[in-house]
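A.B. asks: One file: my_file_5.csv (CSV, C-alpha atoms and all ligand atoms).
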chain,number,residue,atom,x,y,z
A,1,LEU,CA,164.1,-7.3,53.7
A,2,SER,CA,166.7,-9.1,51.7
A,3,ALA,CA,169.4,-6.8,50.2
A,4,PRO,CA,169.0,-6.2,46.4
A,5,THR,CA,172.4,-7.7,45.6
A,6,ASP,CA,171.6,-9.3,42.2
A,7,PRO,CA,171.6,-6.6,39.6
A,8,LYS,CA,169.2,-8.6,37.5
A,9,ARG,CA,166.8,-8.6,40.5
A,10,PRO,CA,167.1,-5.1,41.8
A,11,ARG,CA,163.9,-4.9,43.8
A,12,PRO,CA,164.0,-5.6,47.6
A,13,ARG,CA,162.0,-8.7,48.6
A,14,PRO,CA,160.4,-9.5,52.0
A,15,SER,CA,162.0,-12.9,51.8
A,16,ALA,CA,164.5,-14.5,49.4
A,17,SER,CA,161.7,-15.4,47.0
A,18,ARG,CA,158.7,-13.0,47.0
A,19,VAL,CA,158.4,-9.6,45.5
A,20,LEU,CA,157.7,-7.0,48.2
A,21,HIS,CA,154.2,-5.6,47.3
A,22,LEU,CA,152.6,-8.2,45.1
A,23,GLY,CA,153.9,-10.9,47.5
A,24,LEU,CA,154.5,-13.4,44.7
A,25,PRO,CA,157.3,-15.9,44.2
A,26,PRO,CA,158.8,-16.7,40.8
A,27,GLY,CA,156.5,-19.1,39.0
A,28,ALA,CA,153.3,-17.6,40.3
A,29,LEU,CA,152.6,-15.6,37.1
A,30,ALA,CA,151.9,-16.5,33.5
A,31,SER,CA,153.4,-14.6,30.5
A,32,ARG,CA,149.9,-13.2,29.8
A,33,ILE,CA,148.6,-10.8,32.4
A,34,LEU,CA,145.2,-9.1,32.5
A,35,THR,CA,145.1,-6.4,35.1
A,36,VAL,CA,142.1,-4.6,36.6
A,37,GLY,CA,141.5,-2.1,39.3
A,38,ASP,CA,138.5,-3.6,41.0
A,39,PRO,CA,139.0,-6.8,43.0
A,40,ALA,CA,135.4,-7.8,42.2
A,41,ARG,CA,136.1,-7.5,38.5
A,42,ALA,CA,139.2,-9.7,39.0
A,43,ALA,CA,137.1,-12.3,40.8
A,44,LEU,CA,134.5,-12.3,38.0
A,45,LEU,CA,137.2,-12.8,35.3
A,46,ALA,CA,138.9,-15.5,37.4
A,47,SER,CA,135.7,-17.4,37.6
A,48,HIS,CA,136.4,-18.4,34.0
A,49,LEU,CA,139.7,-19.9,34.8
A,50,THR,CA,140.6,-23.5,35.7
A,51,PRO,CA,143.6,-24.5,37.8
A,52,ARG,CA,147.1,-25.2,36.3
A,53,PRO,CA,148.2,-28.8,36.7
A,54,GLN,CA,150.8,-27.8,39.3
A,55,ASP,CA,148.2,-26.2,41.5
A,56,LYS,CA,146.6,-29.5,42.4
A,57,GLY,CA,143.0,-28.7,41.5
A,58,ARG,CA,142.8,-25.2,43.1
A,59,LEU,CA,143.2,-22.0,41.3
A,60,PHE,CA,146.4,-20.1,42.4
A,61,ILE,CA,145.1,-17.0,44.4
A,62,HIS,CA,147.3,-14.7,46.4
A,63,SER,CA,146.1,-11.4,48.2
A,64,SER,CA,149.0,-9.3,49.3
A,65,SER,CA,149.1,-7.0,52.3
A,66,ARG,CA,149.4,-4.0,49.9
A,67,GLY,CA,146.2,-4.6,48.1
A,68,PHE,CA,147.1,-6.7,45.1
A,69,THR,CA,145.2,-9.9,44.4
A,70,THR,CA,146.6,-12.3,41.9
A,71,TYR,CA,144.8,-15.3,40.2
A,72,THR,CA,146.8,-17.6,37.9
A,73,GLY,CA,145.1,-20.4,36.0
A,74,LEU,CA,144.1,-21.6,32.5
A,75,PHE,CA,141.7,-20.0,30.1
A,76,LEU,CA,140.9,-22.5,27.3
A,77,SER,CA,144.1,-24.3,28.2
A,78,THR,CA,146.3,-21.2,28.0
A,79,PRO,CA,148.0,-19.9,31.2
A,80,ILE,CA,147.0,-16.4,32.2
A,81,SER,CA,147.2,-14.3,35.4
A,82,ILE,CA,144.6,-11.8,36.5
A,83,ILE,CA,145.8,-9.1,39.0
A,84,SER,CA,143.7,-6.5,40.7
A,85,PHE,CA,145.7,-3.4,41.8
A,86,GLY,CA,143.3,-0.8,43.2
A,87,MET,CA,143.7,2.5,41.5
A,88,GLY,CA,146.3,4.9,40.1
A,89,SER,CA,149.6,5.0,38.4
A,90,GLN,CA,151.7,4.3,41.5
A,91,MET,CA,150.0,0.9,41.9
A,92,ILE,CA,150.5,0.2,38.3
A,93,ASP,CA,154.2,0.9,38.8
A,94,PHE,CA,154.5,-1.8,41.5
A,95,LEU,CA,152.4,-4.1,39.4
A,96,VAL,CA,154.4,-3.8,36.2
A,97,ARG,CA,157.9,-3.9,37.7
A,98,GLU,CA,157.3,-6.7,40.2
A,99,SER,CA,155.3,-8.7,37.7
A,100,ARG,CA,158.2,-8.5,35.3
A,101,ASP,CA,160.5,-9.6,38.1
A,102,VAL,CA,158.6,-12.9,38.8
A,103,ALA,CA,157.0,-13.6,35.4
A,104,PRO,CA,158.6,-16.4,33.3
A,105,PRO,CA,161.7,-15.2,31.5
A,106,GLY,CA,161.1,-13.8,28.0
A,107,PRO,CA,158.7,-11.3,26.6
A,108,ILE,CA,155.3,-10.9,28.4
A,109,ILE,CA,152.1,-9.0,27.7
A,110,ILE,CA,150.1,-6.9,30.2
A,111,ILE,CA,146.6,-5.6,29.3
A,112,SER,CA,144.7,-3.4,31.6
A,113,TYR,CA,140.9,-3.4,31.8
A,114,GLY,CA,139.1,-0.6,33.6
A,115,SER,CA,136.3,1.9,33.5
A,116,ALA,CA,136.5,5.4,32.3
A,117,GLY,CA,134.9,8.8,31.8
A,118,GLY,CA,133.9,9.5,28.1
A,119,LEU,CA,135.0,12.6,26.4
A,120,LYS,CA,133.2,12.3,23.0
A,121,PRO,CA,129.5,12.9,22.7
A,122,THR,CA,129.4,10.4,19.8
A,123,VAL,CA,130.7,7.5,22.1
A,124,PRO,CA,127.8,6.5,24.4
A,125,VAL,CA,128.2,5.0,27.9
A,126,GLY,CA,128.6,1.2,27.8
A,127,THR,CA,131.1,1.5,24.8
A,128,CYS,CA,134.4,-0.2,25.2
A,129,VAL,CA,137.4,1.9,24.1
A,130,ILE,CA,140.5,0.1,23.0
A,131,ILE,CA,143.2,2.6,23.8
A,132,SER,CA,145.6,3.3,20.9
A,133,GLN,CA,147.7,5.9,22.8
A,134,SER,CA,147.5,7.9,25.9
A,135,VAL,CA,148.5,11.3,27.2
A,136,ASN,CA,149.3,12.0,30.9
A,137,ILE,CA,147.5,14.9,32.7
A,138,THR,CA,149.3,15.9,35.9
A,139,ARG,CA,148.6,18.7,38.4
A,140,ASN,CA,151.5,21.2,38.2
A,141,SER,CA,152.0,22.2,41.8
A,142,ASP,CA,154.6,24.8,40.7
A,143,HIS,CA,151.8,26.8,39.2
A,144,TRP,CA,150.2,27.2,42.7
A,145,THR,CA,153.6,28.0,44.2
A,146,SER,CA,155.0,30.5,41.7
A,147,GLY,CA,152.1,31.4,39.6
A,148,LYS,CA,154.1,30.4,36.5
A,149,GLY,CA,153.1,27.8,33.9
A,150,THR,CA,149.7,26.2,33.6
A,151,PRO,CA,147.8,24.4,36.4
A,152,TYR,CA,147.9,21.1,34.6
A,153,ASN,CA,150.6,19.6,32.4
A,154,ILE,CA,149.5,17.6,29.3
A,155,SER,CA,152.2,15.2,28.0
A,156,LEU,CA,152.9,14.0,24.5
A,157,PRO,CA,151.1,10.7,23.7
A,158,VAL,CA,152.6,7.3,24.3
A,159,PRO,CA,151.3,4.5,22.0
A,160,ALA,CA,150.0,1.1,23.0
A,161,ASN,CA,151.6,-1.9,21.3
A,162,PRO,CA,150.0,-1.7,17.8
A,163,ARG,CA,149.8,-5.4,17.1
A,164,LEU,CA,148.4,-6.3,20.5
A,165,THR,CA,145.9,-3.4,20.2
A,166,SER,CA,144.6,-4.3,16.8
A,167,HIS,CA,144.2,-8.0,17.9
A,168,ILE,CA,142.3,-6.9,21.0
A,169,TYR,CA,140.1,-4.5,19.0
A,170,SER,CA,139.2,-7.2,16.4
A,171,GLN,CA,138.2,-9.6,19.2
A,172,VAL,CA,136.2,-7.3,21.4
A,173,LYS,CA,134.2,-5.7,18.6
A,174,GLN,CA,132.8,-9.1,17.7
A,175,SER,CA,130.7,-9.1,20.8
A,176,SER,CA,130.4,-5.5,22.1
A,177,PRO,CA,130.1,-1.9,21.0
A,178,CYS,CA,133.8,-0.9,20.7
A,179,VAL,CA,135.9,1.9,19.3
A,180,LEU,CA,139.7,2.5,19.0
A,181,GLY,CA,140.6,5.7,20.7
A,182,GLU,CA,143.0,7.8,22.7
A,183,SER,CA,142.9,8.2,26.4
A,184,ALA,CA,143.8,10.9,28.9
A,185,THR,CA,145.3,9.4,32.0
A,186,THR,CA,145.1,11.6,35.0
A,187,CYS,CA,146.8,11.9,38.4
A,188,SER,CA,143.5,12.4,40.2
A,189,PHE,CA,139.9,11.3,39.8
A,190,TYR,CA,139.0,14.9,40.8
A,191,SER,CA,141.2,17.9,40.0
A,192,SER,CA,142.9,16.6,36.8
A,193,GLN,CA,139.6,15.1,35.6
A,194,ALA,CA,138.1,18.5,35.8
A,195,ARG,CA,135.7,17.8,38.6
A,196,THR,CA,135.1,21.0,40.5
A,197,ASP,CA,134.9,21.2,44.3
A,198,GLY,CA,134.4,24.4,46.3
A,199,ASN,CA,136.6,23.1,49.1
A,200,PHE,CA,139.7,23.2,46.8
A,201,ASP,CA,141.3,25.7,44.6
A,202,ASP,CA,141.7,23.4,41.6
A,203,ARG,CA,141.8,25.9,38.6
A,204,ASN,CA,140.3,23.3,36.3
A,205,THR,CA,137.1,24.8,34.9
A,206,THR,CA,138.6,24.9,31.3
A,207,LEU,CA,140.8,21.8,31.6
A,208,ILE,CA,138.7,19.5,29.4
A,209,SER,CA,138.8,22.0,26.5
A,210,GLN,CA,142.5,22.5,27.0
A,211,ILE,CA,143.1,18.7,26.8
A,212,GLN,CA,140.9,18.5,23.7
A,213,LYS,CA,143.0,21.3,22.0
A,214,LYS,CA,146.2,19.4,22.6
A,215,ALA,CA,145.0,15.8,22.2
A,216,ASN,CA,142.0,13.8,20.9
A,217,PRO,CA,141.0,11.6,23.8
A,218,THR,CA,137.9,9.4,23.8
A,219,SER,CA,138.3,8.4,27.5
A,220,MET,CA,139.7,9.6,30.8
A,221,GLU,CA,141.0,7.2,33.4
A,222,MET,CA,143.9,6.9,35.8
A,223,GLU,CA,146.4,4.2,34.7
A,224,SER,CA,146.9,3.4,31.0
A,225,PHE,CA,149.6,6.1,30.3
A,226,HIS,CA,151.9,4.7,33.0
A,227,LEU,CA,151.4,1.1,31.8
A,228,LEU,CA,152.2,2.0,28.2
A,229,ASP,CA,155.1,4.2,29.2
A,230,LEU,CA,156.7,1.6,31.4
A,231,ALA,CA,156.2,-1.2,28.8
A,232,ARG,CA,157.8,0.8,26.0
A,233,SER,CA,160.8,1.4,28.2
A,234,THR,CA,161.5,-2.3,28.5
A,235,ARG,CA,164.3,-3.8,26.4
A,236,GLY,CA,165.8,-7.1,25.3
A,237,GLN,CA,164.4,-10.5,26.0
A,238,ASN,CA,162.4,-9.4,29.0
A,239,ARG,CA,160.4,-6.8,27.3
A,240,ILE,CA,156.7,-6.1,27.9
A,241,ALA,CA,154.0,-5.4,25.2
A,242,SER,CA,151.0,-3.6,26.7
A,243,GLY,CA,147.5,-2.5,25.8
A,244,SER,CA,144.5,-1.1,27.5
A,245,ALA,CA,140.7,-1.4,27.3
A,246,VAL,CA,138.1,0.7,29.2
A,247,VAL,CA,134.3,0.7,29.4
A,248,VAL,CA,132.8,4.2,29.4
A,249,VAL,CA,130.7,4.6,32.5
A,250,ALA,CA,130.0,8.3,32.5
A,251,ASN,CA,130.1,10.7,29.5
A,252,ARG,CA,131.7,13.9,30.8
A,253,VAL,CA,130.4,15.9,27.9
A,254,THR,CA,126.8,14.8,27.7
A,255,GLY,CA,126.3,13.9,31.4
A,256,GLU,CA,125.1,10.4,30.5
A,257,VAL,CA,125.8,7.8,33.1
A,258,VAL,CA,125.6,4.0,32.6
A,259,GLU,CA,122.8,2.1,34.3
A,260,GLY,CA,124.1,-0.5,36.8
A,261,ARG,CA,122.6,-3.6,35.2
A,262,LYS,CA,123.9,-2.6,31.7
A,263,LEU,CA,127.4,-2.0,33.2
A,264,ALA,CA,127.5,-5.4,34.8
A,265,GLU,CA,126.4,-7.0,31.5
A,266,VAL,CA,128.9,-5.1,29.4
A,267,GLU,CA,131.7,-5.6,31.9
A,268,GLY,CA,131.2,-9.3,31.8
A,269,ARG,CA,131.0,-9.6,28.0
A,270,VAL,CA,134.0,-7.4,27.4
A,271,GLY,CA,135.9,-9.3,30.1
A,272,VAL,CA,135.4,-12.6,28.4
A,273,ALA,CA,136.3,-11.1,25.0
A,274,LEU,CA,139.5,-9.8,26.6
A,275,LEU,CA,140.3,-13.2,28.1
A,276,ARG,CA,140.0,-14.7,24.6
A,277,ALA,CA,142.1,-11.9,23.1
A,278,VAL,CA,144.9,-12.1,25.7
A,279,CYS,CA,145.0,-15.9,25.5
A,280,GLY,CA,144.5,-16.1,21.7
A,281,VAL,CA,147.2,-13.7,20.7
A,282,ASP,CA,150.3,-15.2,19.1
A,283,LEU,CA,153.2,-13.9,21.3
A,284,GLY,CA,155.7,-14.6,18.4
A,285,GLU,CA,153.7,-12.3,16.1
A,286,ILE,CA,153.7,-9.5,18.6
A,287,TRP,CA,157.5,-9.2,18.5
A,288,GLU,CA,158.0,-10.5,14.9
A,289,GLY,CA,160.7,-8.5,13.2
A,290,GLU,CA,162.0,-7.0,16.4
A,291,ASP,CA,165.5,-7.7,17.8
A,292,LEU,CA,164.9,-9.1,21.2
A,293,ASN,CA,168.6,-8.9,21.9
A,294,ASP,CA,168.8,-5.2,21.8
A,295,GLY,CA,168.8,-4.8,25.5
B,301,LIG,C1,138.4,5.7,39.6
B,301,LIG,O1,137.2,5.5,40.1
B,301,LIG,C2,139.0,4.4,39.1
B,301,LIG,O2,138.1,4.0,38.0
B,301,LIG,C3,138.9,3.7,36.8
B,301,LIG,C4,140.1,4.7,37.0
B,301,LIG,O3,141.1,4.3,36.1
B,301,LIG,C5,140.4,4.6,38.4
B,301,LIG,O4,141.2,3.5,38.8
B,301,LIG,O5,139.3,2.4,36.7
B,301,LIG,P1,138.7,1.1,37.4
B,301,LIG,O6,137.3,1.1,37.2
B,301,LIG,O7,139.4,-0.1,36.7
B,301,LIG,O8,139.1,1.1,38.8
B,302,LIG,N1,137.0,6.3,36.0
B,302,LIG,C1,137.6,7.5,35.9
B,302,LIG,O1,138.8,7.6,36.2
B,302,LIG,N2,136.8,8.6,35.6
B,302,LIG,C2,135.5,8.5,35.3
B,302,LIG,O2,134.9,9.5,35.1
B,302,LIG,C3,134.9,7.2,35.4
B,302,LIG,C4,135.7,6.1,35.7
When written as structure tokens, how does the structure in this file appear?

C.D. replies:
Amino acid sequence: LSAPTDPKRPRPRPSASRVLHLGLPPGALASRILTVGDPARAALLASHLTPRPQDKGRLFIHSSSRGFTTYTGLFLSTPISIISFGMGSQMIDFLVRESRDVAPPGPIIIISYGSAGGLKPTVPVGTCVIISQSVNITRNSDHWTSGKGTPYNISLPVPANPRLTSHIYSQVKQSSPCVLGESATTCSFYSSQARTDGNFDDRNTTLISQIQKKANPTSMEMESFHLLDLARSTRGQNRIASGSAVVVVANRVTGEVVEGRKLAEVEGRVGVALLRAVCGVDLGEIWEGEDLNDG
């Protein structure tokens, strides 16, 4: 590992030029990033890209040893990167910090696109939820240790970038059933999403109603809160604007589950709408009126 000597590039790298977990050198990413969990979804989205001139007729593709696959190319002449990360907030942490490190200097946008559980009976499976804000649901191990507090902590909400979000919403709703809604991001697919399992003492049988008392989520997934939280903590010229979109695959209140062919069709349609949204947004407008020198 090279030592992190430059304070502007504080993350260790396996060589002088590549970030450690994404495995990317500077120049590999565009300022517009669409990120997905599933590598197959990333490949599907990347099938709509054409190579950048500098990539000599081949789309830039890099799969890292830590499970990240990056595609960089052009969508309707605009540079975009698509990165698959697997699952969970820890992978999002690597993705956001290391992408920021090797992305072009200046503000960037990162949009995540995933699947989710639904929490409103009025929002059927196959609906796309554009996330306006997200709360974080985390298992509180101290409760098991000391008996104090509640088994799960429910954070205050963190908003998505409002301009980016309204742009994405207006694009996606043109082609797909789509609502604006809040999300509950969880630290587990199981315990903190209120799935019960006799092998574990999870104390989660009333969790969904507790979340609904404190927040108003339409969806439940595992990454958006951390993406929004990290993005809002960026400052100055290198800030990040973020947003998130999910397709409801299972409604946790009604028990409805999306049928495979319908999911594939919706996933593809929303994916193309998001590519259009991410590539069509005017980056200047996102930060209009903000002081980019405040960092
Ligand atoms: C759990 O199965 C995974 O599905 C959702 C959750 O956020 C979690 O990552 O997203 P993806 O379908 O994008 O992976
Ligand atoms: N992803 C999740 O995190 N939860 C679900 O119920 C479905 C997809």

A.B. asks: I need the residue nearest A:Thr185 from this list: A:Arg100, A:Val123, A:Ser89, A:Arg235. Use all atoms listed in the file for the distance.

C.D. replies: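 The answer is A:Ser89, which sits nearest to A:Thr185.
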
A.B. asks: So what do you get for atom C1 of ligand LIG 301 (chain B) versus atom CA of A:Val247, distance-wise?

C.D. replies: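 Separation of atom C1 of ligand LIG 301 (chain B) and atom CA of A:Val247: 12.1 Å.
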
A.B. asks: Restrict the calculation to all atoms listed in the file, then for each residue of chain A with any atom at most 8 Å from an atom of ligand LIG 302 (chain B) give the closest atom pair and their distance in Å to one decimal, rows by chain and rising residue number, as a Markdown table.

C.D. replies:
| residue | atom | partner | partner_atom | distance |
| --- | --- | --- | --- | --- |
| A:Gly114 | CA | B:LIG302 | N1 | 7.6 |
| A:Ser115 | CA | B:LIG302 | C4 | 4.8 |
| A:Ala116 | CA | B:LIG302 | C4 | 3.6 |
| A:Gly117 | CA | B:LIG302 | O2 | 3.4 |
| A:Gly118 | CA | B:LIG302 | O2 | 7.1 |
| A:Thr185 | CA | B:LIG302 | O1 | 7.9 |
| A:Thr186 | CA | B:LIG302 | O1 | 7.6 |
| A:Ser188 | CA | B:LIG302 | O1 | 7.8 |
| A:Phe189 | CA | B:LIG302 | O1 | 5.3 |
| A:Gln193 | CA | B:LIG302 | N2 | 7.1 |
| A:Met220 | CA | B:LIG302 | N2 | 5.7 |
| A:Glu221 | CA | B:LIG302 | O1 | 3.6 |
| A:Met222 | CA | B:LIG302 | O1 | 5.2 |
| A:Val248 | CA | B:LIG302 | C3 | 7.0 |
| A:Val249 | CA | B:LIG302 | C3 | 5.7 |
| A:Ala250 | CA | B:LIG302 | O2 | 5.7 |
| A:Asn251 | CA | B:LIG302 | O2 | 7.5 |
| A:Arg252 | CA | B:LIG302 | O2 | 6.9 |

A.B. asks: Please determine, counting all atoms listed in the file, which residue among A:Ser99, A:Thr35, A:Thr218, A:Ser47 has the shortest atom-to-atom distance to A:Leu119.

C.D. replies: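 Among the listed residues, the smallest separation from A:Leu119 belongs to A:Thr218.
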
A.B. asks: Would you list the contacts of A:Ser244 as a ChimeraX atom specification, taking every protein, DNA or RNA residue within 6 Å and counting only C-alpha atoms, but skipping same-chain residues closer than 6 positions in sequence?

C.D. replies: /A:111-112,131

A.B. asks: Using all atoms listed in the file, find the one residue out of A:Ser132, A:Gln212, A:Thr254, A:Asn293 that sits nearest to A:Tyr169.

C.D. replies: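 Of all the options, A:Ser132 lies closest to A:Tyr169.
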
A.B. asks: In Å, with one decimal, what is the gap from atom CA of A:Ile110 to atom CA of A:Leu263?

C.D. replies: 23.4 Å

A.B. asks: Pick the closest to ligand LIG 301 (chain B) from A:Val179, A:Leu76, A:Cys187, A:Ala103: which is it, counting only C-alpha atoms and all ligand atoms?

C.D. replies: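 For ligand LIG 301 (chain B), the nearest of the candidates is A:Cys187.
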
A.B. asks: Which centre and edge lengths in Å to one decimal define the box along x, y and z that fits every listed atom of ligand LIG 301 (chain B) plus 8 Å per side, as AutoDock Vina command-line options?

C.D. replies:
--center_x 139.2 --center_y 2.8 --center_z 38.1 --size_x 20.0 --size_y 21.8 --size_z 20.0

A.B. asks: Write out as a ChimeraX atom specification each polymer residue whose atoms come within 10 Å of A:Pro25, counting all atoms listed in the file; drop sequence neighbours fewer than 2 positions from it.

C.D. replies: /A:13,15-20,22-23,27-29,99,101-103

A.B. asks: For those residues, write C-alpha atoms to a file as an mmCIF file, keeping the file's coordinate frame.

C.D. replies:
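Saved file again-v1.cif follows:
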data_model
loop_
_atom_site.group_PDB
_atom_site.id
_atom_site.type_symbol
_atom_site.label_atom_id
_atom_site.label_comp_id
_atom_site.auth_asym_id
_atom_site.auth_seq_id
_atom_site.Cartn_x
_atom_site.Cartn_y
_atom_site.Cartn_z
ATOM 1 C CA ARG A 13 162.000 -8.700 48.600
ATOM 2 C CA SER A 15 162.000 -12.900 51.800
ATOM 3 C CA ALA A 16 164.500 -14.500 49.400
ATOM 4 C CA SER A 17 161.700 -15.400 47.000
ATOM 5 C CA ARG A 18 158.700 -13.000 47.000
ATOM 6 C CA VAL A 19 158.400 -9.600 45.500
ATOM 7 C CA LEU A 20 157.700 -7.000 48.200
ATOM 8 C CA LEU A 22 152.600 -8.200 45.100
ATOM 9 C CA GLY A 23 153.900 -10.900 47.500
ATOM 10 C CA GLY A 27 156.500 -19.100 39.000
ATOM 11 C CA ALA A 28 153.300 -17.600 40.300
ATOM 12 C CA LEU A 29 152.600 -15.600 37.100
ATOM 13 C CA SER A 99 155.300 -8.700 37.700
ATOM 14 C CA ASP A 101 160.500 -9.600 38.100
ATOM 15 C CA VAL A 102 158.600 -12.900 38.800
ATOM 16 C CA ALA A 103 157.000 -13.600 35.400
#

A.B. asks: Set the distance at 12 Å and use all atoms listed in the file: which residues neighbour A:Phe94 once local chain neighbours fewer than 6 positions away are removed? I'd like the list as a list in words.

C.D. replies: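 These residues fall inside the cut-off: Arg11, Pro12, Val19, Leu20, His21, Leu22, Gly23, Arg66, Gly67, Phe68, Ile83, Ser84, Phe85, Gly86, Met87, Gly88, Arg100, Asp101, His226, Leu227 and Leu230 of chain A.
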
A.B. asks: Just to confirm, what's the straight-line distance from atom CA of A:Gly295 to atom CA of A:Ser233 in Å (one decimal)?

C.D. replies: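 Rounded to one decimal, the two atoms are 10.5 Å apart.
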
A.B. asks: From the options A:Ser170, A:Ser176, A:Ser134, A:Asn140, which residue's atoms come nearest to A:Gly271, counting only C-alpha atoms?

C.D. replies: A:Ser176

A.B. asks: Using only C-alpha atoms, which residue out of A:Gly236, A:Gly255, A:Gly57, A:Gly243 lies closest to A:Glu290?

C.D. replies: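 Checking each candidate against A:Glu290, we get A:Gly236 as the closest.
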
A.B. asks: Output as a compact mmCIF listing (two decimals), in the frame of the given file: stretch 111-128 of chain A, completed with N, CA and C atoms.

C.D. replies:
# COMPACT_ATOMS: atom_id res chain seq x y z
N ILE A 111 147.79 -6.40 29.79
CA ILE A 111 146.60 -5.60 29.30
C ILE A 111 145.87 -5.13 30.51
N SER A 112 145.53 -3.84 30.53
CA SER A 112 144.70 -3.40 31.60
C SER A 112 143.24 -3.24 31.15
N TYR A 113 142.32 -3.46 32.08
CA TYR A 113 140.90 -3.40 31.80
C TYR A 113 140.19 -2.65 32.87
N GLY A 114 139.68 -1.46 32.55
CA GLY A 114 139.10 -0.60 33.60
C GLY A 114 137.81 0.06 33.12
N SER A 115 137.38 1.01 33.93
CA SER A 115 136.30 1.90 33.50
C SER A 115 136.81 3.26 33.31
N ALA A 116 136.03 4.12 32.65
CA ALA A 116 136.50 5.40 32.30
C ALA A 116 135.41 6.43 32.12
N GLY A 117 135.76 7.70 32.19
CA GLY A 117 134.90 8.80 31.80
C GLY A 117 134.97 8.89 30.25
N GLY A 118 133.87 9.29 29.60
CA GLY A 118 133.90 9.50 28.10
C GLY A 118 134.05 10.95 27.81
N LEU A 119 134.78 11.24 26.74
CA LEU A 119 135.00 12.60 26.40
C LEU A 119 134.44 12.98 24.98
N LYS A 120 133.81 12.02 24.32
CA LYS A 120 133.20 12.30 23.00
C LYS A 120 131.72 12.08 23.07
N PRO A 121 130.93 13.09 22.65
CA PRO A 121 129.50 12.90 22.70
C PRO A 121 129.01 11.77 21.80
N THR A 122 129.79 11.43 20.78
CA THR A 122 129.40 10.40 19.80
C THR A 122 129.68 8.96 20.38
N VAL A 123 130.36 8.87 21.53
CA VAL A 123 130.70 7.50 22.10
C VAL A 123 129.84 7.35 23.36
N PRO A 124 128.72 6.62 23.28
CA PRO A 124 127.80 6.50 24.40
C PRO A 124 128.38 5.66 25.56
N VAL A 125 127.80 5.83 26.74
CA VAL A 125 128.20 5.00 27.90
C VAL A 125 127.93 3.52 27.52
N GLY A 126 128.75 2.63 28.08
CA GLY A 126 128.60 1.20 27.80
C GLY A 126 129.50 0.80 26.59
N THR A 127 130.15 1.79 25.94
CA THR A 127 131.10 1.50 24.80
C THR A 127 132.42 1.10 25.39
N CYS A 128 133.04 0.10 24.78
CA CYS A 128 134.40 -0.20 25.20
C CYS A 128 135.38 0.56 24.27
